[in-house]
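Beneath this line is the structure, given in structure tokens, with notes to follow.
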Amino acid sequence: MTRRFQRVQMPKRLTGDDKVITPYVLRYLEANPDWRLEPQYADLVVRLLSEEYQSRVRRFGGSSANSCERAQLFGYIGVPGEQINDDMLSMVFTDGKYRHVRWQILLLQSGAVTDVEYQLYNEVLRVGGKADAIGEDFGVEIKGTRNIEPAWADARWQHKMQSHRYMLASNGRFRRWVYIYEDKATQEWVEHVTYWEDEVGEEVLGELIRLNEARKTKALPVVKPRCEQRRGLEYEECAYHQWCNGITGWGQALRFAKTGRITLAKPERRRLPRNPNIPPE
Ligand code: SF4
């Protein structure tokens with residue numbers, strides 16, 4: 001007689017590379033299916049939800065890795081980005097913020113991490129940012145996504161670059177970075193761990209060396225060819241696309257950052273509120 005075995009399908013989130021936080025979270029959710037905020041974290045939740053967004057002026061952010069270097073230097077100088085007052089966009093931002101806080105509390109209460117919103121900064125490379133959470137020897141980044149399918153396989157290349165920036169910003173403390181991808185519609189999630197890889201690290205370091213060289217010599221990279229023609233998705237989505245073509249040098253960008261005023265060749269003179277995050281020279 002032949003016995004028939006039912007094929008057991010492993011949940012997707014448990015397959016693939018090593019998991020760091022998954023065992024803690026699953027164990028916790030199994031024991032606490034209706035989990036709620038533990039009182040000792042109440043103050044932390046208020047702080048996380050009410051604190052202002054951190055200024056990126058005078059540092060290169062972890063999440064900017066592999067993006068337009070001219071845009072990164074605009075951010076470093078403090079050039080104001082386009083202000084979009086859009087009610088839907090505002091809700092998208094708060095959705096992301098609340099997702100982060102929900103995960104941060106879950107990670108703390110399950111014992112998967114030891115701290116959240118952990119500040120990182122490497123003075124030499126001027127690279128920094130906040131890790132969403134940290135454990136003994138790893139950092140954590142939480143990502144909401146509208147399409148989780150690609151995330152089942154691996155972390156995105158862009159995020160691997162980011163993780164190496166964060167690892168450099170940690171001054172050698174962390175050599176692995178956990179990425180949590182959560183589907184915004186279904187709350188399915190998956191964890192991937194990225195480890196320090198010399199090849200990726202060299203690429204990320206090379207970018208930071210170029211940025212610091214530009215900072216020291218006060219030389220902005222030229223406008224990208226497609227952006228010069230005011231075409232393409234990168235141009236349209238860039239926060240600086242309105243001014244990029246009109247900014248000719250470092251001094252002009254710095255004056256714009258300090259005063260909120262810029263004179264563009266075309267089409268008009270613009271004035272923005274002064275950026276309070278610009279420190280004195
Ligand atoms: S408009 Fe294009 S070249 Fe200019 S900062 Fe943005 S992405 Fe870079």
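Ligands are numbered from 1 in the order shown, chains are lettered A, B, ... in the order of the structure tokens, and residues start at 1 in each chain.
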Can you list, as a count of residues only, all residues belonging to segment 27-126 of chain A that DSSP tags as helix (DSSP H, G or I)?
52
Please produce, as CSV, a per-residue contact table for segment 148-218 of chain A versus segment 67-82 of chain A (criterion: any atom at most 12 Å away, only C-alpha atoms considered), showing the nearest atom pair and its distance in Å to one decimal, sorted by chain then residue number.
```
residue,atom,partner,partner_atom,distance
A:Gln158,CA,A:Ser67,CA,9.0
A:His159,CA,A:Ser67,CA,11.6
A:Met161,CA,A:Ser67,CA,10.2
A:Gln162,CA,A:Ser67,CA,10.3
A:Val204,CA,A:Ser67,CA,11.0
A:Gly206,CA,A:Glu69,CA,11.8
A:Glu207,CA,A:Glu69,CA,8.2
A:Leu208,CA,A:Glu69,CA,9.4
A:Ile209,CA,A:Glu69,CA,11.3
A:Arg210,CA,A:Glu69,CA,8.7
A:Leu211,CA,A:Glu69,CA,7.0
A:Asn212,CA,A:Leu73,CA,9.3
A:Glu213,CA,A:Leu73,CA,11.0
A:Ala214,CA,A:Leu73,CA,8.2
A:Arg215,CA,A:Leu73,CA,7.6
A:Lys216,CA,A:Leu73,CA,11.4
A:Lys218,CA,A:Leu73,CA,9.7
```
Taking into account only C-alpha atoms, which residue in the set A:Leu220, A:Leu107, A:Cys238, A:Cys244 is nearest to Thr22 of chain A?
A:Leu107
Just how far from atom CA of Glu141 of chain A is atom CA of Val116 of chain A, in Å to one decimal?
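For atom CA of Val116 of chain A relative to atom CA of Glu141 of chain A, the distance reads 10.3 Å.
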